[in-house]
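File shown: my_file-v1.txt (compact mmCIF, C-alpha atoms).
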# COMPACT_ATOMS: atom_id res chain seq x y z
CA MET A 1 -11.25 -8.83 -7.15
CA VAL A 2 -13.48 -9.11 -10.20
CA SER A 3 -11.14 -9.32 -13.12
CA GLU A 4 -11.49 -7.48 -16.39
CA SER A 5 -7.88 -8.43 -17.04
CA SER A 6 -9.06 -11.24 -19.27
CA LYS A 7 -8.99 -8.58 -22.00
CA HIS A 8 -5.23 -8.72 -21.56
CA SER A 9 -3.53 -11.97 -22.48
CA SER A 10 -0.45 -11.39 -20.34
CA LEU A 11 0.26 -13.16 -17.08
CA SER A 12 -0.59 -11.17 -13.97
CA CYS A 13 -0.12 -11.35 -10.22
CA GLU A 14 -2.16 -10.14 -7.28
CA LEU A 15 -0.40 -7.98 -4.72
CA ILE A 16 -1.28 -6.04 -1.59
CA ILE A 17 1.25 -3.22 -1.57
CA PRO A 18 1.54 0.50 -0.90
CA PHE A 19 0.12 2.15 -4.01
CA SER A 20 -0.81 5.67 -5.08
CA TRP A 21 -2.02 7.32 -8.24
CA ALA A 22 -2.53 10.84 -9.55
CA VAL A 23 -4.06 12.29 -12.69
CA THR A 24 -1.47 13.97 -14.93
CA ASP A 25 -1.47 15.96 -18.13
CA GLY A 26 0.71 13.24 -19.64
CA MET A 27 4.45 12.80 -19.49
CA ASP A 28 6.94 13.82 -22.14
CA ASP A 29 9.22 11.24 -23.75
CA ASN A 30 12.32 12.37 -21.80
CA ALA A 31 10.53 11.92 -18.46
CA LEU A 32 9.32 8.48 -19.54
CA VAL A 33 12.88 7.43 -20.49
CA LEU A 34 14.22 8.55 -17.08
CA ILE A 35 11.40 6.81 -15.23
CA ASP A 36 11.99 3.65 -17.27
CA ALA A 37 15.71 3.68 -16.32
CA ASP A 38 14.90 4.22 -12.62
CA ASN A 39 12.28 1.45 -12.72
CA TYR A 40 14.75 -0.93 -14.36
CA SER A 41 17.40 -0.31 -11.67
CA ARG A 42 14.87 -0.58 -8.84
CA LEU A 43 13.32 -3.77 -10.19
CA GLN A 44 16.78 -5.33 -10.55
CA ILE A 45 17.43 -4.59 -6.87
CA ILE A 46 14.03 -5.97 -5.83
CA GLN A 47 14.59 -9.16 -7.79
CA GLY A 48 18.07 -9.48 -6.28
CA LEU A 49 16.52 -9.33 -2.81
CA GLU A 50 14.17 -12.17 -3.76
CA GLU A 51 16.73 -14.54 -5.23
CA SER A 52 17.76 -17.46 -3.10
CA VAL A 53 21.48 -17.86 -2.50
CA SER A 54 21.15 -21.58 -1.84
CA ASP A 55 19.82 -22.23 -5.34
CA ALA A 56 23.08 -21.04 -6.86
CA LEU A 57 25.39 -22.81 -4.39
CA ASP A 58 23.88 -26.29 -3.95
CA GLU A 59 27.22 -27.97 -4.67
CA LEU A 60 29.00 -26.03 -1.90
CA PRO A 61 26.84 -26.49 1.21
CA GLY A 62 29.38 -24.98 3.63
CA LEU A 63 29.80 -21.85 1.54
CA ALA A 64 26.07 -21.63 0.92
CA GLN A 65 25.40 -21.79 4.67
CA GLU A 66 27.89 -18.98 5.33
CA ILE A 67 26.45 -16.82 2.56
CA GLN A 68 22.91 -17.42 3.86
CA ARG A 69 24.04 -16.32 7.33
CA MET A 70 25.53 -13.13 5.87
CA ASP A 71 22.43 -12.64 3.71
CA SER A 72 20.16 -12.76 6.76
CA LYS A 73 22.29 -10.11 8.50
CA ILE A 74 22.17 -7.89 5.41
CA ASN A 75 18.39 -8.33 5.27
CA VAL A 76 18.08 -7.20 8.88
CA LEU A 77 20.17 -4.14 8.04
CA LEU A 78 18.01 -3.43 4.97
CA GLU A 79 14.84 -3.69 7.06
CA LEU A 80 16.26 -1.22 9.59
CA VAL A 81 17.24 1.24 6.85
CA ALA A 82 13.83 0.85 5.20
CA HIS A 83 12.11 1.50 8.52
CA ILE A 84 14.13 4.69 9.05
CA ALA A 85 13.57 5.83 5.45
CA THR A 86 9.80 5.35 5.60
CA GLN A 87 9.25 6.56 9.16
CA ASP A 88 9.09 10.23 8.20
CA SER A 89 7.80 9.98 4.66
CA GLY A 90 5.02 7.48 5.25
CA LEU A 91 4.17 5.12 2.46
CA PRO A 92 0.81 5.24 0.70
CA ARG A 93 -1.98 2.99 1.94
CA ALA A 94 -1.63 -0.69 1.00
CA THR A 95 -3.98 -1.59 -1.83
CA SER A 96 -4.96 -4.91 -3.36
CA LEU A 97 -4.16 -4.77 -7.05
CA VAL A 98 -3.48 -6.90 -10.08
CA LEU A 99 -0.26 -6.16 -11.94
CA GLY A 100 0.20 -7.28 -15.51
CA ALA A 101 2.98 -6.52 -17.95
CA ASP A 102 0.72 -4.01 -19.70
CA PHE A 103 -1.92 -3.07 -17.11
CA ILE A 104 -2.68 -2.32 -13.46
CA GLN A 105 -6.10 -2.96 -11.98
CA TRP A 106 -7.45 -2.08 -8.53
CA VAL A 107 -10.60 -1.18 -6.64
CA SER A 108 -10.63 2.50 -5.74
CA GLN A 109 -12.37 3.61 -2.54
CA ARG A 110 -11.87 7.30 -3.17
CA PRO A 111 -12.93 9.43 -6.10
CA THR A 112 -11.94 7.52 -9.19
CA PRO A 113 -10.19 8.75 -12.30
CA GLU A 114 -12.25 9.39 -15.40
CA LEU A 115 -12.16 7.07 -18.36
CA GLY A 116 -9.33 8.15 -20.70
CA SER A 117 -7.41 10.03 -17.95
CA GLU A 118 -3.62 9.88 -17.91
CA LEU A 119 -2.34 8.53 -14.57
CA ARG A 120 0.99 8.40 -12.81
CA MET A 121 1.10 5.43 -10.44
CA GLU A 122 3.62 4.48 -7.75
CA LEU A 123 3.96 0.86 -6.61
CA PHE A 124 6.14 -0.09 -3.65
CA LEU A 125 6.88 -3.74 -4.41
CA GLU A 126 9.34 -4.54 -1.61
CA ARG A 127 9.11 -3.29 1.97
CA ARG A 128 12.88 -3.68 2.44
CA PHE A 129 13.44 -1.34 -0.51
CA PRO A 130 11.03 1.58 0.00
CA PHE A 131 11.39 3.16 -3.42
CA PRO A 132 8.52 3.00 -5.90
CA LEU A 133 8.27 1.77 -9.42
CA VAL A 134 6.55 4.55 -11.34
CA PHE A 135 4.23 3.75 -14.22
CA SER A 136 2.09 5.90 -16.44
CA GLY A 137 -0.93 4.88 -18.42
CA VAL A 138 -4.44 5.61 -19.60
CA VAL A 139 -7.60 4.65 -17.72
CA GLU A 140 -9.25 2.03 -19.90
CA LEU A 141 -12.10 0.94 -17.60
CA VAL A 142 -13.95 2.33 -14.59
CA SER A 143 -16.78 0.09 -13.44
CA PRO A 144 -18.90 -0.08 -10.28
CA HIS A 145 -17.64 -2.55 -7.69
CA HIS A 146 -19.79 -2.68 -4.54
CA SER A 147 -19.50 0.77 -2.94
CA ALA A 148 -16.33 1.60 -4.90
CA ALA A 149 -15.11 1.34 -8.48
CA GLN A 150 -12.81 -1.03 -10.27
CA VAL A 151 -10.15 0.78 -12.30
CA LEU A 152 -8.13 -0.71 -15.14
CA VAL A 153 -5.18 1.26 -16.53
CA LYS A 154 -3.40 0.34 -19.74
CA LEU A 155 0.31 1.04 -19.16
CA HIS A 156 2.35 3.08 -21.62
CA SER A 157 5.01 1.05 -23.38
CA MET A 158 8.38 0.50 -21.72
CA SER A 159 11.83 -0.28 -23.03
CA GLY A 160 12.38 -3.90 -24.00
CA GLY A 161 14.66 -4.51 -21.03
CA MET A 162 12.19 -3.08 -18.53
CA GLN A 163 9.30 -4.99 -20.11
CA GLU A 164 11.26 -8.25 -19.88
CA LEU A 165 12.27 -7.63 -16.26
CA LEU A 166 8.69 -6.77 -15.29
CA GLU A 167 7.41 -9.93 -16.97
CA LYS A 168 10.01 -11.96 -15.06
CA PHE A 169 8.88 -10.36 -11.77
CA ILE A 170 5.21 -11.07 -12.57
CA PHE A 171 6.00 -14.68 -13.51
CA ARG A 172 7.82 -15.24 -10.20
CA CYS A 173 5.00 -13.60 -8.27
CA HIS A 174 2.43 -15.77 -10.06
CA ARG A 175 4.52 -18.90 -9.45
CA ARG A 176 4.78 -18.11 -5.70
CA HIS A 177 1.00 -17.60 -5.56
CA ILE A 178 0.41 -21.03 -7.14
CA ALA A 179 2.92 -22.67 -4.78
CA ARG A 180 1.21 -21.01 -1.79
CA MET A 181 -2.18 -22.30 -2.97
CA LYS A 182 -0.79 -25.83 -3.31
CA ARG A 183 0.70 -25.68 0.20
CA GLU A 184 -2.62 -24.52 1.60
CA GLY A 185 -4.42 -27.28 -0.29
CA LEU A 186 -6.59 -24.97 -2.37

What would the structure in this file look like if it were written as structure tokens?
Amino acid sequence: MVSESSKHSSLSCELIIPFSWAVTDGMDDNALVLIDADNYSRLQIIQGLEESVSDALDELPGLAQEIQRMDSKINVLLELVAHIATQDSGLPRATSLVLGADFIQWVSQRPTPELGSELRMELFLERRFPFPLVFSGVVELVSPHHSAAQVLVKLHSMSGGMQELLEKFIFRCHRRHIARMKREGL
């Protein structure tokens, strides 16, 4: 993806996830506060799913092994519940995007939003937890990209706690990407 994100100094990560957007008339402050609280709770759960139990219990290998065994069973259960939950609703199409702490960027194959439009975006970050993070923002850039258009949305501000948690998620995502590149010898 051609990146205009250099305008933004924050760390970012590339994802291929179910993603949808819609033009809105803007969101009032009360709605933004509720969305921020939901996002915070959901992102805490997603990060909890990603954390490794063995990291915390290195000194107790027997206990760590038992907890990992239970963790794998819980993950199977979560995957089954997620499959049932998404079977009827159907998630949006997976899209390659760049997520930053203050922006989202993607290539849109369908009609694109106009510059300056207010958008409501849903990102499904974890397939085992099929609930979206919802962000709102203003379209800052729409530029041609092959037969589609690259869209850059500047996110509306979030609470300090949500901003910090999102930055932590992005940092981990970026770190995993670098580790994957090293493993693959790139």

re CA of Phe19 in chain A and CA of Gly90 in chain A: distance 11.8 Å

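Here CA of Met181 in chain A and CA of Pro92 in chain A stand 27.9 Å from one another.
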
Within-7 Å shell of (-2.3, 12.1, -16.9) in input frame, only C-alpha atoms, as number ranges by chain: A: 23-26, 117-120

Here CA of Ile35 in chain A and CA of Leu125 in chain A stand apart by 15.8 Å

Could you check the closest approach to Leu32 in chain A for each of A:Ile74, A:Leu63, A:Val134, A:Ile170 and tell me which residue wins, using only C-alpha atoms?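 Ranking A:Ile74, A:Leu63, A:Val134, A:Ile170 by distance to Leu32 in chain A, first place goes to A:Val134.
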
In terms of the shortest atom-to-atom distance over all atoms listed in the file, which of A:Ser96, A:Ser41, A:Gln150, A:Gln47 is closest to Met162 in chain A?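 Comparing A:Ser96, A:Ser41, A:Gln150, A:Gln47 against Met162 in chain A, the winner is A:Ser41.
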
Find the residue from A:Ser136, A:Gln163, A:Gln109, A:Asn30 that sits nearest to Ala148 in chain A; use all atoms listed in the file when measuring.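 Residue with the minimum atom-to-atom distance to Ala148 in chain A: A:Gln109.
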
From the options A:Ala179, A:Ile16, A:Cys173, A:Ala37, which residue's atoms come nearest to Met158 in chain A, counting only C-alpha atoms?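 Comparing A:Ala179, A:Ile16, A:Cys173, A:Ala37 against Met158 in chain A, the winner is A:Ala37.
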
Shortest interatomic distance to Gly48 in chain A - which of A:Leu152, A:Leu97, A:Ser12, A:Arg128, counting all atoms listed in the file: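 The closest residue to Gly48 in chain A is A:Arg128.
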
Measuring atom to atom with only C-alpha atoms, identify which of A:Glu126, A:Glu140, A:Asp36, A:Asp28 is nearest to Ile104 in chain A.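 Of the candidates, the smallest distance to Ile104 in chain A is held by A:Glu140.
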